[in-house]
Every structure is written in structure tokens, then in C-alpha cells.
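Coordinates from start_21.cif are shown below (mmCIF, C-alpha atoms).
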```
data_work
#
loop_
_atom_site.group_PDB
_atom_site.id
_atom_site.type_symbol
_atom_site.label_atom_id
_atom_site.label_comp_id
_atom_site.auth_asym_id
_atom_site.auth_seq_id
_atom_site.Cartn_x
_atom_site.Cartn_y
_atom_site.Cartn_z
ATOM 1 C CA MET U 1 0.000 0.000 0.000
ATOM 2 C CA LYS U 2 2.836 2.415 0.819
ATOM 3 C CA LEU U 3 4.377 1.874 -2.608
ATOM 4 C CA PHE U 4 0.948 2.361 -4.238
ATOM 5 C CA ILE U 5 0.442 5.708 -2.445
ATOM 6 C CA LYS U 6 3.920 6.906 -3.426
ATOM 7 C CA ASP U 7 3.338 5.877 -7.034
ATOM 8 C CA ASN U 8 0.034 7.780 -7.220
ATOM 9 C CA LEU U 9 0.918 10.734 -4.984
ATOM 10 C CA GLY U 10 1.333 13.125 -7.930
ATOM 11 C CA PHE U 11 -2.072 12.187 -9.318
ATOM 12 C CA ILE U 12 -3.705 12.669 -5.895
ATOM 13 C CA LEU U 13 -2.103 16.112 -5.422
ATOM 14 C CA ILE U 14 -3.156 17.281 -8.896
ATOM 15 C CA TYR U 15 -6.706 16.036 -8.245
ATOM 16 C CA ILE U 16 -6.859 17.911 -4.920
ATOM 17 C CA PHE U 17 -5.487 21.073 -6.534
ATOM 18 C CA SER U 18 -8.069 20.806 -9.366
ATOM 19 C CA PHE U 19 -10.827 20.129 -6.843
ATOM 20 C CA VAL U 20 -9.919 23.188 -4.720
ATOM 21 C CA LEU U 21 -9.663 25.355 -7.821
ATOM 22 C CA VAL U 22 -13.098 24.299 -9.141
ATOM 23 C CA PHE U 23 -14.704 24.504 -5.685
ATOM 24 C CA SER U 24 -13.304 28.011 -5.103
ATOM 25 C CA SER U 25 -14.492 29.170 -8.518
ATOM 26 C CA MET U 26 -17.996 27.870 -7.848
ATOM 27 C CA LEU U 27 -18.105 29.714 -4.517
ATOM 28 C CA ILE U 28 -16.823 32.960 -6.003
ATOM 29 C CA PHE U 29 -19.307 32.902 -8.859
ATOM 30 C CA GLN U 30 -22.081 31.642 -6.582
ATOM 31 C CA GLY U 31 -22.373 28.296 -8.309
ATOM 32 C CA PHE U 32 -23.610 26.682 -5.063
ATOM 33 C CA ASN U 33 -27.058 27.877 -3.936
ATOM 34 C CA THR U 34 -27.203 25.840 -0.725
ATOM 35 C CA ILE U 35 -24.932 24.032 1.769
ATOM 36 C CA GLY U 36 -26.379 20.725 0.574
ATOM 37 C CA ASN U 37 -25.132 21.383 -2.960
ATOM 38 C CA CYS U 38 -21.620 22.006 -1.574
ATOM 39 C CA ILE U 39 -21.655 18.768 0.427
ATOM 40 C CA TYR U 40 -23.011 16.837 -2.573
ATOM 41 C CA PHE U 41 -20.225 18.234 -4.806
ATOM 42 C CA VAL U 42 -17.494 17.322 -2.284
ATOM 43 C CA PHE U 43 -18.955 13.846 -1.668
ATOM 44 C CA LEU U 44 -19.338 13.082 -5.385
ATOM 45 C CA ASN U 45 -15.761 14.063 -6.166
ATOM 46 C CA LEU U 46 -14.328 12.074 -3.228
ATOM 47 C CA PHE U 47 -16.466 9.076 -4.208
ATOM 48 C CA VAL U 48 -15.167 9.150 -7.801
ATOM 49 C CA LEU U 49 -11.566 9.513 -6.587
ATOM 50 C CA THR U 50 -11.947 6.654 -4.076
ATOM 51 C CA VAL U 51 -13.534 4.271 -6.581
ATOM 52 C CA TYR U 52 -10.852 5.024 -9.156
ATOM 53 C CA MET U 53 -8.005 4.587 -6.663
ATOM 54 C CA LEU U 54 -9.461 1.328 -5.347
ATOM 55 C CA TYR U 55 -9.778 0.031 -8.898
ATOM 56 C CA ARG U 56 -6.162 0.941 -9.678
ATOM 57 C CA TYR U 57 -4.943 -0.672 -6.466
ATOM 58 C CA TYR U 58 -6.939 -3.873 -7.017
ATOM 59 C CA LYS U 59 -5.739 -4.096 -10.616
ATOM 60 C CA ASN U 60 -2.079 -3.596 -9.721
ATOM 61 C CA ARG U 61 -1.898 -4.997 -6.184
ATOM 62 C CA LYS U 62 0.293 -7.949 -7.248
ATOM 63 C CA LEU U 63 2.620 -5.532 -8.973
ATOM 64 C CA TYR U 64 3.052 -3.414 -5.853
ATOM 65 C CA ASN U 65 3.360 -6.469 -3.609
ATOM 66 C CA GLY U 66 5.928 -7.944 -5.975
ATOM 67 C CA LEU U 67 7.973 -4.742 -5.957
ATOM 68 C CA SER U 68 7.767 -4.524 -2.155
ATOM 69 C CA ASN U 69 8.880 -8.108 -1.451
ATOM 70 C CA LYS U 70 12.451 -9.236 -0.888
ATOM 71 C CA TYR U 71 13.727 -12.159 -2.924
ATOM 72 C CA ASN U 72 16.450 -14.721 -2.274
ATOM 73 C CA ASN U 73 17.146 -15.606 -5.902
ATOM 74 C CA PHE U 74 16.281 -14.600 -9.450
ATOM 75 C CA GLU U 75 13.795 -17.433 -9.995
ATOM 76 C CA GLU U 76 11.448 -16.064 -7.319
ATOM 77 C CA ILE U 77 11.011 -12.776 -9.180
ATOM 78 C CA VAL U 78 9.759 -14.277 -12.441
ATOM 79 C CA ASN U 79 5.967 -13.870 -13.007
ATOM 80 C CA GLU U 80 5.448 -12.047 -9.711
ATOM 81 C CA PHE U 81 3.824 -8.863 -11.030
ATOM 82 C CA GLY U 82 0.230 -9.882 -11.705
ATOM 83 C CA ASN U 83 -1.985 -9.680 -14.800
ATOM 84 C CA SER U 84 -2.333 -5.936 -15.330
ATOM 85 C CA TYR U 85 -0.879 -4.347 -18.459
ATOM 86 C CA LEU U 86 2.108 -2.961 -16.539
ATOM 87 C CA GLY U 87 2.465 -6.222 -14.598
ATOM 88 C CA ASN U 88 2.480 -8.281 -17.803
ATOM 89 C CA GLU U 89 5.140 -6.055 -19.312
ATOM 90 C CA LEU U 90 7.288 -6.418 -16.182
ATOM 91 C CA ASN U 91 6.767 -10.191 -16.241
ATOM 92 C CA ARG U 92 7.907 -10.238 -19.881
ATOM 93 C CA LEU U 93 10.957 -8.147 -18.992
ATOM 94 C CA THR U 94 11.938 -10.346 -16.032
ATOM 95 C CA ASN U 95 11.505 -13.489 -18.177
ATOM 96 C CA ASP U 96 13.794 -11.997 -20.819
ATOM 97 C CA MET U 97 16.336 -11.030 -18.163
ATOM 98 C CA TYR U 98 16.119 -14.506 -16.636
ATOM 99 C CA GLY U 99 16.771 -16.057 -20.050
ATOM 100 C CA PHE U 100 19.881 -13.875 -20.521
ATOM 101 C CA TYR U 101 20.976 -14.707 -16.973
ATOM 102 C CA GLN U 102 20.579 -18.468 -17.519
ATOM 103 C CA GLY U 103 22.491 -18.296 -20.776
ATOM 104 C CA GLU U 104 25.358 -16.425 -19.129
ATOM 105 C CA VAL U 105 25.441 -18.866 -16.211
ATOM 106 C CA ASN U 106 25.531 -21.840 -18.588
ATOM 107 C CA ASN U 107 28.406 -20.263 -20.509
ATOM 108 C CA GLN U 108 30.326 -19.661 -17.299
ATOM 109 C CA ILE U 109 29.728 -23.247 -16.137
ATOM 110 C CA LYS U 110 30.916 -24.553 -19.511
ATOM 111 C CA ASN U 111 34.057 -22.387 -19.404
ATOM 112 C CA GLN U 112 34.782 -23.418 -15.828
ATOM 113 C CA LYS U 113 34.412 -27.107 -16.683
ATOM 114 C CA GLU U 114 36.785 -26.718 -19.624
ATOM 115 C CA GLN U 115 39.338 -25.005 -17.384
ATOM 116 C CA LEU U 116 39.051 -27.731 -14.742
ATOM 117 C CA ASP U 117 39.421 -30.474 -17.347
ATOM 118 C CA PHE U 118 42.495 -28.725 -18.715
ATOM 119 C CA MET U 119 43.941 -28.366 -15.220
ATOM 120 C CA ASN U 120 43.423 -32.055 -14.447
ATOM 121 C CA GLN U 121 45.010 -33.116 -17.725
ATOM 122 C CA TRP U 122 47.920 -30.708 -17.273
ATOM 123 C CA VAL U 123 48.679 -31.960 -13.747
ATOM 124 C CA HIS U 124 48.625 -35.594 -14.878
ATOM 125 C CA HIS U 125 50.864 -34.788 -17.862
ATOM 126 C CA MET U 126 53.369 -33.049 -15.566
ATOM 127 C CA LYS U 127 53.643 -36.172 -13.421
ATOM 128 C CA THR U 128 55.260 -38.091 -16.301
ATOM 129 C CA PRO U 129 58.344 -35.826 -16.717
ATOM 130 C CA LEU U 130 58.730 -35.725 -12.934
ATOM 131 C CA SER U 131 58.798 -39.522 -12.846
ATOM 132 C CA VAL U 132 61.462 -39.501 -15.590
ATOM 133 C CA ILE U 133 63.536 -36.979 -13.627
ATOM 134 C CA LYS U 134 63.334 -39.237 -10.563
ATOM 135 C CA LEU U 135 64.606 -42.202 -12.604
ATOM 136 C CA TYR U 136 67.580 -40.172 -13.823
ATOM 137 C CA MET U 137 68.281 -39.065 -10.252
ATOM 138 C CA GLN U 138 68.601 -42.683 -9.141
ATOM 139 C CA GLU U 139 71.563 -43.086 -11.492
ATOM 140 C CA TYR U 140 73.389 -40.194 -9.832
ATOM 141 C CA GLU U 141 72.468 -40.745 -6.180
ATOM 142 C CA ASP U 142 76.055 -40.172 -5.024
ATOM 143 C CA GLU U 143 76.369 -36.781 -6.670
ATOM 144 C CA GLU U 144 76.048 -33.713 -4.423
ATOM 145 C CA PHE U 145 73.691 -31.846 -6.739
ATOM 146 C CA VAL U 146 71.091 -34.642 -6.621
ATOM 147 C CA ASP U 147 69.845 -33.587 -3.173
ATOM 148 C CA ASP U 148 69.135 -30.083 -4.446
ATOM 149 C CA ILE U 149 67.305 -31.438 -7.492
ATOM 150 C CA LYS U 150 65.311 -33.839 -5.307
ATOM 151 C CA SER U 151 64.264 -30.945 -3.086
ATOM 152 C CA GLU U 152 63.014 -28.980 -6.085
ATOM 153 C CA VAL U 153 61.214 -32.032 -7.490
ATOM 154 C CA ASP U 154 59.445 -32.467 -4.134
ATOM 155 C CA LYS U 155 58.292 -28.839 -4.325
ATOM 156 C CA LEU U 156 56.954 -29.433 -7.822
ATOM 157 C CA GLU U 157 55.071 -32.540 -6.700
ATOM 158 C CA ARG U 158 53.511 -30.718 -3.752
ATOM 159 C CA GLY U 159 52.507 -27.824 -6.018
ATOM 160 C CA LEU U 160 50.939 -30.148 -8.589
ATOM 161 C CA LYS U 161 49.111 -32.024 -5.864
ATOM 162 C CA LEU U 162 47.713 -28.746 -4.493
ATOM 163 C CA ALA U 163 46.562 -27.725 -7.987
ATOM 164 C CA LEU U 164 44.923 -31.111 -8.566
ATOM 165 C CA TYR U 165 43.027 -31.044 -5.286
ATOM 166 C CA ASN U 166 41.960 -27.462 -5.942
ATOM 167 C CA ALA U 167 40.468 -28.582 -9.268
ATOM 168 C CA ARG U 168 38.754 -31.574 -7.663
ATOM 169 C CA LEU U 169 37.253 -29.395 -4.952
ATOM 170 C CA GLU U 170 35.101 -27.630 -7.541
ATOM 171 C CA ASP U 171 33.291 -30.926 -8.133
ATOM 172 C CA PHE U 172 33.517 -32.171 -4.562
ATOM 173 C CA ARG U 173 30.178 -34.021 -4.571
ATOM 174 C CA ASN U 174 31.475 -36.450 -7.187
ATOM 175 C CA ASP U 175 34.895 -36.867 -5.593
ATOM 176 C CA PHE U 176 34.372 -37.954 -2.014
ATOM 177 C CA SER U 177 33.382 -41.178 -0.305
ATOM 178 C CA LEU U 178 32.537 -41.474 3.391
ATOM 179 C CA LYS U 179 33.898 -44.631 4.996
ATOM 180 C CA LYS U 180 35.027 -45.737 8.434
ATOM 181 C CA PHE U 181 38.781 -46.220 8.776
ATOM 182 C CA GLU U 182 41.490 -46.250 11.426
ATOM 183 C CA LEU U 183 43.020 -42.835 12.035
ATOM 184 C CA GLN U 184 46.458 -44.032 13.113
ATOM 185 C CA GLY U 185 47.282 -45.486 9.705
ATOM 186 C CA VAL U 186 46.259 -42.306 7.864
ATOM 187 C CA ILE U 187 48.389 -40.096 10.110
ATOM 188 C CA LYS U 188 51.418 -42.353 9.670
ATOM 189 C CA GLU U 189 50.936 -42.355 5.881
ATOM 190 C CA SER U 190 50.768 -38.543 5.872
ATOM 191 C CA VAL U 191 53.961 -38.287 7.931
ATOM 192 C CA ASN U 192 55.777 -40.842 5.753
ATOM 193 C CA SER U 193 54.761 -39.017 2.566
ATOM 194 C CA LEU U 194 56.656 -35.983 3.889
ATOM 195 C CA LYS U 195 59.608 -37.926 5.278
ATOM 196 C CA SER U 196 62.190 -36.340 2.992
ATOM 197 C CA TYR U 197 60.765 -32.868 3.754
ATOM 198 C CA PHE U 198 61.115 -33.547 7.494
ATOM 199 C CA ILE U 199 64.691 -34.773 7.059
ATOM 200 C CA LYS U 200 65.808 -31.958 4.762
ATOM 201 C CA ASN U 201 64.607 -29.309 7.191
ATOM 202 C CA LYS U 202 65.869 -31.203 10.283
ATOM 203 C CA ILE U 203 62.412 -31.320 11.849
ATOM 204 C CA PHE U 204 61.304 -34.488 13.603
ATOM 205 C CA PRO U 205 57.717 -35.704 14.027
ATOM 206 C CA LYS U 206 56.374 -36.827 17.400
ATOM 207 C CA VAL U 207 53.273 -38.949 16.979
ATOM 208 C CA GLN U 208 50.949 -39.660 19.916
ATOM 209 C CA ILE U 209 47.724 -41.346 18.887
ATOM 210 C CA GLU U 210 45.257 -43.245 21.022
ATOM 211 C CA ASP U 211 44.752 -46.825 19.867
ATOM 212 C CA ASN U 212 41.752 -47.958 17.854
ATOM 213 C CA ILE U 213 40.428 -44.537 16.883
ATOM 214 C CA ILE U 214 37.960 -45.038 14.026
ATOM 215 C CA ILE U 215 36.587 -42.052 12.112
ATOM 216 C CA ASN U 216 33.903 -41.755 9.446
ATOM 217 C CA SER U 217 35.202 -39.470 6.715
ATOM 218 C CA ASP U 218 36.928 -39.428 3.338
ATOM 219 C CA LYS U 219 40.409 -40.945 3.689
ATOM 220 C CA LYS U 220 41.910 -39.175 0.677
ATOM 221 C CA TRP U 221 40.732 -35.719 1.774
ATOM 222 C CA ILE U 222 41.807 -36.318 5.398
ATOM 223 C CA GLU U 223 45.294 -37.154 4.113
ATOM 224 C CA PHE U 224 45.258 -33.937 2.081
ATOM 225 C CA ILE U 225 44.248 -31.886 5.150
ATOM 226 C CA LEU U 226 46.945 -33.448 7.338
ATOM 227 C CA GLU U 227 49.667 -33.032 4.706
ATOM 228 C CA GLN U 228 48.885 -29.349 4.159
ATOM 229 C CA ILE U 229 48.985 -28.624 7.885
ATOM 230 C CA LEU U 230 52.219 -30.603 8.322
ATOM 231 C CA ILE U 231 53.864 -28.815 5.383
ATOM 232 C CA ASN U 232 53.117 -25.458 7.015
ATOM 233 C CA SER U 233 54.342 -26.677 10.410
ATOM 234 C CA ILE U 234 57.633 -27.850 8.912
ATOM 235 C CA LYS U 235 58.110 -24.810 6.689
ATOM 236 C CA TYR U 236 57.668 -22.301 9.489
ATOM 237 C CA SER U 237 59.715 -24.257 12.036
ATOM 238 C CA VAL U 238 62.959 -24.210 10.049
ATOM 239 C CA GLY U 239 65.770 -22.577 11.999
ATOM 240 C CA LYS U 240 63.717 -22.313 15.188
ATOM 241 C CA GLY U 241 61.751 -25.417 16.136
ATOM 242 C CA LYS U 242 62.969 -29.013 16.158
ATOM 243 C CA TYR U 243 59.758 -30.999 16.526
ATOM 244 C CA VAL U 244 56.255 -31.209 15.151
ATOM 245 C CA GLU U 245 53.819 -33.035 17.421
ATOM 246 C CA ILE U 246 50.838 -34.917 16.018
ATOM 247 C CA MET U 247 48.324 -35.971 18.658
ATOM 248 C CA ALA U 248 44.910 -37.589 18.347
ATOM 249 C CA LYS U 249 42.367 -38.537 20.994
ATOM 250 C CA LYS U 250 38.690 -39.097 21.559
ATOM 251 C CA GLU U 251 36.620 -36.433 23.306
ATOM 252 C CA ASN U 252 33.055 -37.618 23.918
ATOM 253 C CA GLU U 253 31.566 -38.284 20.461
ATOM 254 C CA LYS U 254 34.318 -36.428 18.621
ATOM 255 C CA VAL U 255 37.886 -37.132 17.565
ATOM 256 C CA VAL U 256 40.399 -34.310 18.010
ATOM 257 C CA ILE U 257 43.637 -34.172 16.028
ATOM 258 C CA GLU U 258 46.227 -31.576 17.053
ATOM 259 C CA ILE U 259 49.353 -30.612 15.143
ATOM 260 C CA ILE U 260 51.689 -28.474 17.246
ATOM 261 C CA ASP U 261 54.973 -26.824 16.319
ATOM 262 C CA ASP U 262 57.338 -24.462 18.116
ATOM 263 C CA GLY U 263 58.158 -22.425 15.032
ATOM 264 C CA ILE U 264 57.911 -18.732 14.265
ATOM 265 C CA GLY U 265 54.160 -18.529 14.920
ATOM 266 C CA ILE U 266 51.595 -16.259 13.294
ATOM 267 C CA SER U 267 51.081 -12.577 14.091
ATOM 268 C CA LYS U 268 47.772 -11.378 15.548
ATOM 269 C CA ARG U 269 47.239 -9.314 12.423
ATOM 270 C CA ASP U 270 47.521 -12.352 10.132
ATOM 271 C CA ILE U 271 45.858 -15.132 12.115
ATOM 272 C CA LYS U 272 42.325 -13.891 11.368
ATOM 273 C CA ARG U 273 42.997 -14.107 7.643
ATOM 274 C CA VAL U 274 44.981 -17.351 7.253
ATOM 275 C CA PHE U 275 41.984 -19.135 5.676
ATOM 276 C CA GLU U 276 41.447 -16.469 3.018
ATOM 277 C CA PRO U 277 42.406 -17.475 -0.550
ATOM 278 C CA PHE U 278 45.840 -16.247 -1.726
ATOM 279 C CA TYR U 279 46.555 -14.560 1.603
ATOM 280 C CA THR U 280 50.206 -15.259 2.447
ATOM 281 C CA GLY U 281 50.717 -12.906 5.391
ATOM 282 C CA SER U 282 54.089 -11.640 6.597
ATOM 283 C CA ASN U 283 55.451 -15.187 7.067
ATOM 284 C CA GLY U 284 54.571 -16.214 3.522
ATOM 285 C CA ARG U 285 56.207 -13.115 2.060
ATOM 286 C CA GLU U 286 59.349 -13.658 4.141
ATOM 287 C CA TYR U 287 59.740 -17.336 3.245
ATOM 288 C CA GLY U 288 58.668 -16.773 -0.354
ATOM 289 C CA GLU U 289 57.188 -20.226 -1.041
ATOM 290 C CA SER U 290 53.613 -19.706 0.120
ATOM 291 C CA THR U 291 50.744 -19.727 -2.381
ATOM 292 C CA GLY U 292 48.129 -18.682 0.173
ATOM 293 C CA MET U 293 45.881 -21.536 -0.993
ATOM 294 C CA GLY U 294 46.811 -24.477 1.267
ATOM 295 C CA LEU U 295 44.886 -23.466 4.385
ATOM 296 C CA HIS U 296 42.072 -22.004 2.313
ATOM 297 C CA LEU U 297 41.505 -25.393 0.659
ATOM 298 C CA VAL U 298 41.824 -27.139 4.028
ATOM 299 C CA LYS U 299 39.104 -24.907 5.486
ATOM 300 C CA ASP U 300 36.884 -25.466 2.450
ATOM 301 C CA VAL U 301 37.285 -29.264 2.649
ATOM 302 C CA CYS U 302 36.560 -29.254 6.388
ATOM 303 C CA GLU U 303 33.319 -27.359 5.822
ATOM 304 C CA LYS U 304 32.235 -29.755 3.079
ATOM 305 C CA LEU U 305 33.005 -32.775 5.296
ATOM 306 C CA ASN U 306 31.320 -31.122 8.299
ATOM 307 C CA HIS U 307 34.582 -31.097 10.273
ATOM 308 C CA GLU U 308 35.934 -28.165 12.282
ATOM 309 C CA ILE U 309 39.377 -26.585 12.230
ATOM 310 C CA TYR U 310 40.888 -24.046 14.620
ATOM 311 C CA ILE U 311 44.270 -22.320 14.721
ATOM 312 C CA GLU U 312 45.924 -20.888 17.816
ATOM 313 C CA SER U 313 49.276 -19.196 17.476
ATOM 314 C CA GLU U 314 51.644 -16.821 19.182
ATOM 315 C CA GLU U 315 54.343 -15.027 17.271
ATOM 316 C CA GLY U 316 57.773 -16.371 18.185
ATOM 317 C CA VAL U 317 56.319 -19.238 20.227
ATOM 318 C CA GLY U 318 54.579 -21.608 17.815
ATOM 319 C CA THR U 319 51.273 -22.749 16.335
ATOM 320 C CA ARG U 320 48.611 -25.272 17.301
ATOM 321 C CA VAL U 321 46.133 -26.507 14.682
ATOM 322 C CA LYS U 322 43.123 -28.446 15.948
ATOM 323 C CA LEU U 323 41.014 -30.600 13.643
ATOM 324 C CA VAL U 324 37.720 -31.820 15.121
ATOM 325 C CA ILE U 325 35.938 -34.744 13.438
#
```

Output the file's structure as C-alpha cells, nothing else.
Amino acid sequence: MKLFIKDNLGFILIYIFSFVLVFSSMLIFQGFNTIGNCIYFVFLNLFVLTVYMLYRYYKNRKLYNGLSNKYNNFEEIVNEFGNSYLGNELNRLTNDMYGFYQGEVNNQIKNQKEQLDFMNQWVHHMKTPLSVIKLYMQEYEDEEFVDDIKSEVDKLERGLKLALYNARLEDFRNDFSLKKFELQGVIKESVNSLKSYFIKNKIFPKVQIEDNIIINSDKKWIEFILEQILINSIKYSVGKGKYVEIMAKKENEKVVIEIIDDGIGISKRDIKRVFEPFYTGSNGREYGESTGMGLHLVKDVCEKLNHEIYIESEEGVGTRVKLVI
């Protein structure tokens, strides 16, 4: 109703002005002989105005209601403006806009799928030359330069793995499988996969896991989460910390995994933003190897699996990451 009054306010004001002008003219020129004639004139004009305004409101009420409502998505707006001439024209316009919108969305989905397919193929193609490089390295194991090459190859493999999981995350519903499995084995596999990275950086893992902890999750994605957290713990412990602790225990109906390091820690300014995409913070800029995507993907995976992740850190003291399943 408020929108209807605002829309017709100009018409109402002009009508009142015209009414006052005609009424004043009739009084001046003695057009009204009696009080009854005056009342009849006023009543007749108000009656005509009221009937006309009620007709307009009834005819366009769906239009005004549609314009007054709040919508959650584009689909709710279509065909919401009633059957009046103006309402039909607005319905036609919103249908046209919806058609353009759907076409643009479909194009974007198609382009995104093509990019993801390309990314997957590219990552898999890059694995072949890396495997060849590893074979050549085995022939020169005693050479001093091999350790440096192996370190760079490990970086490439971790980067490709991050890119592959990032691509898979876009189609997460088709790439996860919930099963019950023993946590201890997964943690040990994650630590062993980073064995050379631990050794190169002279950081040693301490694993404390309660026996027979079974979780219901996706094994592959849990391994990805653990590896990303461990990589960060190792990277930011170099030159300061000596150990990374991995602990797991049951707490009521939940399983809590904690990864603790005594590295350089995270500043108060950065810790609120560590899960943002491409945010590297002061530590990432100083060490120069951070993409800013590892923890972002970890957070995204945790949300999709309905797990929780928390980070506590103090600059110069160390970092504690808690994963709650």
C-alpha cells in the first residue's frame, strides 16, 4: 500500500489542486445555492476519486506487492507482477532477463568445466616428466647436486598435488566417499609421505595417537588436510623449532587431532585471515614459497566434510592446529 500511495501521490495532489480550484471558482461565482449542494459536490468528487483509486490498487496490487517483497534468488522474481498491463510487461521483462541470466550462467559453467578439465590433464601430464627426472636421479644418487634437485622435485610434486586437489574441490560431490577407517594409519601415511621434507629441514615428528580410533570421513581428503597442515608446520619451524607433534584422541563423540609446532608462529594481524584465498601474510612473504591456498583449501574441505578446524598461534612461540571430526 505504501508503494501504491507513493506511485500515485502526484495524481492525488493534482486532483486535490483541481478540486480546490473548481470549488473556489464555484463559490466565487455563486455556483452553489445551498450548503447541501456544496456537500453533494465534495462527496461526489471524493467518491469518484476513491472508486478510481481502489480500482487501480486492485488491478495492480500484485505488482506493488511484488515490488515490495524481498527475494532470495532470481527465480522467485519471475511472473510475480500480476496480470495488469504494466504487470504483464514487467513479467515479460523479467523473463527476458532470466533467459539472458541463464544463458550467461551456462556459458560460465561450460568455461569453468573446460578449465578444470584442462587443469586435471595438465597436472597428470606433468607427473610423467617428474617420474622420468626421478629415474635419472637414481643413477646419480652419489652426486652432491642430486639432493638439491630432489628438493626442487618435491616442491613441484607438492605444487601439482595442491593444484589437482583445488580442481577436484570444484566438483567435490562427485569426488568424495565417506567410509570408516582407522586414524592411526592415515596419520602415519601422511607423515611418511613428507619424510624427505622432514629430514631436509631437520624437523622431527612426534606422533601420539590413542589406539583404535575409528573415524567416518573421506580418507583421501583427510590425508590432504593433514599433509597441508604438516607442510606449514615444517616450513615455518625451520631454523627455530625441532619438533612437530601430532596428537589424536577421543573427546566424547568427537575425535580431536592436534598438530603443534614451536616455530615462528603467526602474528595477531595475520591469524584472522589465514583461511582467506591467496593470503600469504608476513610469514609467507618472508619465506617466499607460500601460495596462500593451502589453508584455504583445508578450510573449504573441512566445511564440506562437516569437520571443524581451529588455529591458535603466538608469534615467536609456535602454532597449534586443531582438527575436530

Legend entry - Nearest to Met126 (chain U) by atom-to-atom distance, counting only C-alpha atoms, from U:Ile39, U:Leu164, U:Val105, U:Val274: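 Nearest to Met126 (chain U): U:Leu164.
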
Legend entry - Distance of CA of His296 (chain U) from CA of Arg273 (chain U), expressed in Å to one decimal place: 9.6 Å

Inset, instruction - May I have the residues at most 10 Å from (58.6, -15.7, 20.9) in the file's coordinates, counting all atoms listed in the file, as a list in words? - result: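 Here is the list of nearby residues: Asp262, Gly263, Ile264, Gly265, Glu314, Glu315, Gly316, Val317 and Gly318 of chain U.
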
Legend entry - Output of the PyMOL selection byres ((chain U and resi 253-255) around 8), listed as a PyMOL selection string: chain U and resi 213+215+248-252+256-257+324-325

Legend entry - Distance of CA of Ser313 (chain U) from CA of Lys235 (chain U), expressed in Å to one decimal place: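 So the answer is 15.0 Å.
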
What would the selection look like, as a PDB file with C-alpha atoms, in the coordinates of the input, if the PyMOL selection byres ((chain U and resi 307) around 12) were run on the coordinates I just shared?
```
ATOM      1  CA  ILE U 215      36.587 -42.052  12.112  1.00  0.00           C
ATOM      2  CA  ASN U 216      33.903 -41.755   9.446  1.00  0.00           C
ATOM      3  CA  SER U 217      35.202 -39.470   6.715  1.00  0.00           C
ATOM      4  CA  ASP U 218      36.928 -39.428   3.338  1.00  0.00           C
ATOM      5  CA  TRP U 221      40.732 -35.719   1.774  1.00  0.00           C
ATOM      6  CA  ILE U 222      41.807 -36.318   5.398  1.00  0.00           C
ATOM      7  CA  ILE U 225      44.248 -31.886   5.150  1.00  0.00           C
ATOM      8  CA  LYS U 254      34.318 -36.428  18.621  1.00  0.00           C
ATOM      9  CA  VAL U 255      37.886 -37.132  17.565  1.00  0.00           C
ATOM     10  CA  VAL U 256      40.399 -34.310  18.010  1.00  0.00           C
ATOM     11  CA  ILE U 257      43.637 -34.172  16.028  1.00  0.00           C
ATOM     12  CA  VAL U 298      41.824 -27.139   4.028  1.00  0.00           C
ATOM     13  CA  LYS U 299      39.104 -24.907   5.486  1.00  0.00           C
ATOM     14  CA  ASP U 300      36.884 -25.466   2.450  1.00  0.00           C
ATOM     15  CA  VAL U 301      37.285 -29.264   2.649  1.00  0.00           C
ATOM     16  CA  CYS U 302      36.560 -29.254   6.388  1.00  0.00           C
ATOM     17  CA  GLU U 303      33.319 -27.359   5.822  1.00  0.00           C
ATOM     18  CA  LYS U 304      32.235 -29.755   3.079  1.00  0.00           C
ATOM     19  CA  LEU U 305      33.005 -32.775   5.296  1.00  0.00           C
ATOM     20  CA  ASN U 306      31.320 -31.122   8.299  1.00  0.00           C
ATOM     21  CA  GLU U 308      35.934 -28.165  12.282  1.00  0.00           C
ATOM     22  CA  ILE U 309      39.377 -26.585  12.230  1.00  0.00           C
ATOM     23  CA  TYR U 310      40.888 -24.046  14.620  1.00  0.00           C
ATOM     24  CA  LYS U 322      43.123 -28.446  15.948  1.00  0.00           C
ATOM     25  CA  LEU U 323      41.014 -30.600  13.643  1.00  0.00           C
ATOM     26  CA  VAL U 324      37.720 -31.820  15.121  1.00  0.00           C
ATOM     27  CA  ILE U 325      35.938 -34.744  13.438  1.00  0.00           C
TER      28      ILE U 325
END
```

Legend entry - Selection result of the PyMOL selection byres ((chain U and resi 270-272) around 8) on this file, as a list in words: Ile266, Ser267, Lys268, Arg269, Arg273, Val274, Phe275, Gly281, Ser282, Ile311 and Ser313 of chain U

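Picture a line from CA of Asn212 (chain U) to CA of Leu183 (chain U); it runs 7.9 Å.
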
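With only C-alpha atoms as the atoms that count, the residue of U:Leu178, U:Leu162, U:Glu141, U:Phe224 with the shortest distance to Gly292 (chain U) is U:Leu162.
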
Legend entry - Residue with smallest distance to Ile133 (chain U) - pool U:Glu157, U:Phe118, U:Thr291, U:Met53, counting all atoms listed in the file: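 Closest residue, counting all atoms listed in the file: U:Glu157.
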
Legend entry - From U:Leu49, U:Lys2, U:Lys59, U:Asp142, residue lying nearest Ile14 (chain U) [only C-alpha atoms]: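 The closest residue to Ile14 (chain U) is U:Leu49.
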
Inset, instruction - Write out as a list in words each polymer residue whose atoms come within 10 Å of region 145-155 of chain U, counting all atoms listed in the file; drop sequence neighbours fewer than 3 positions from it. - result: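 My reading of the contact set: Leu130, Ser131, Ile133, Lys134, Tyr136, Met137, Gln138, Glu139, Tyr140, Glu141, Asp142, Arg158, Gly159, Leu160, Lys161, Leu194, Ser196, Tyr197, Lys200 and Glu289 of chain U.
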
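All polymer residues at most 8 Å from (56.5, -35.5, 18.6), using all atoms listed in the file, appear as Phe204, Pro205, Lys206, Val207, Gln208, Tyr243, Val244, Glu245 and Ile246 of chain U.
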
Legend entry - Lys113 (chain U) environment, 10 Å, all atoms listed in the file, sequence neighbours closer than 5 positions dropped, as a ChimeraX atom specification: /U:107-108,118-119,167,170-171
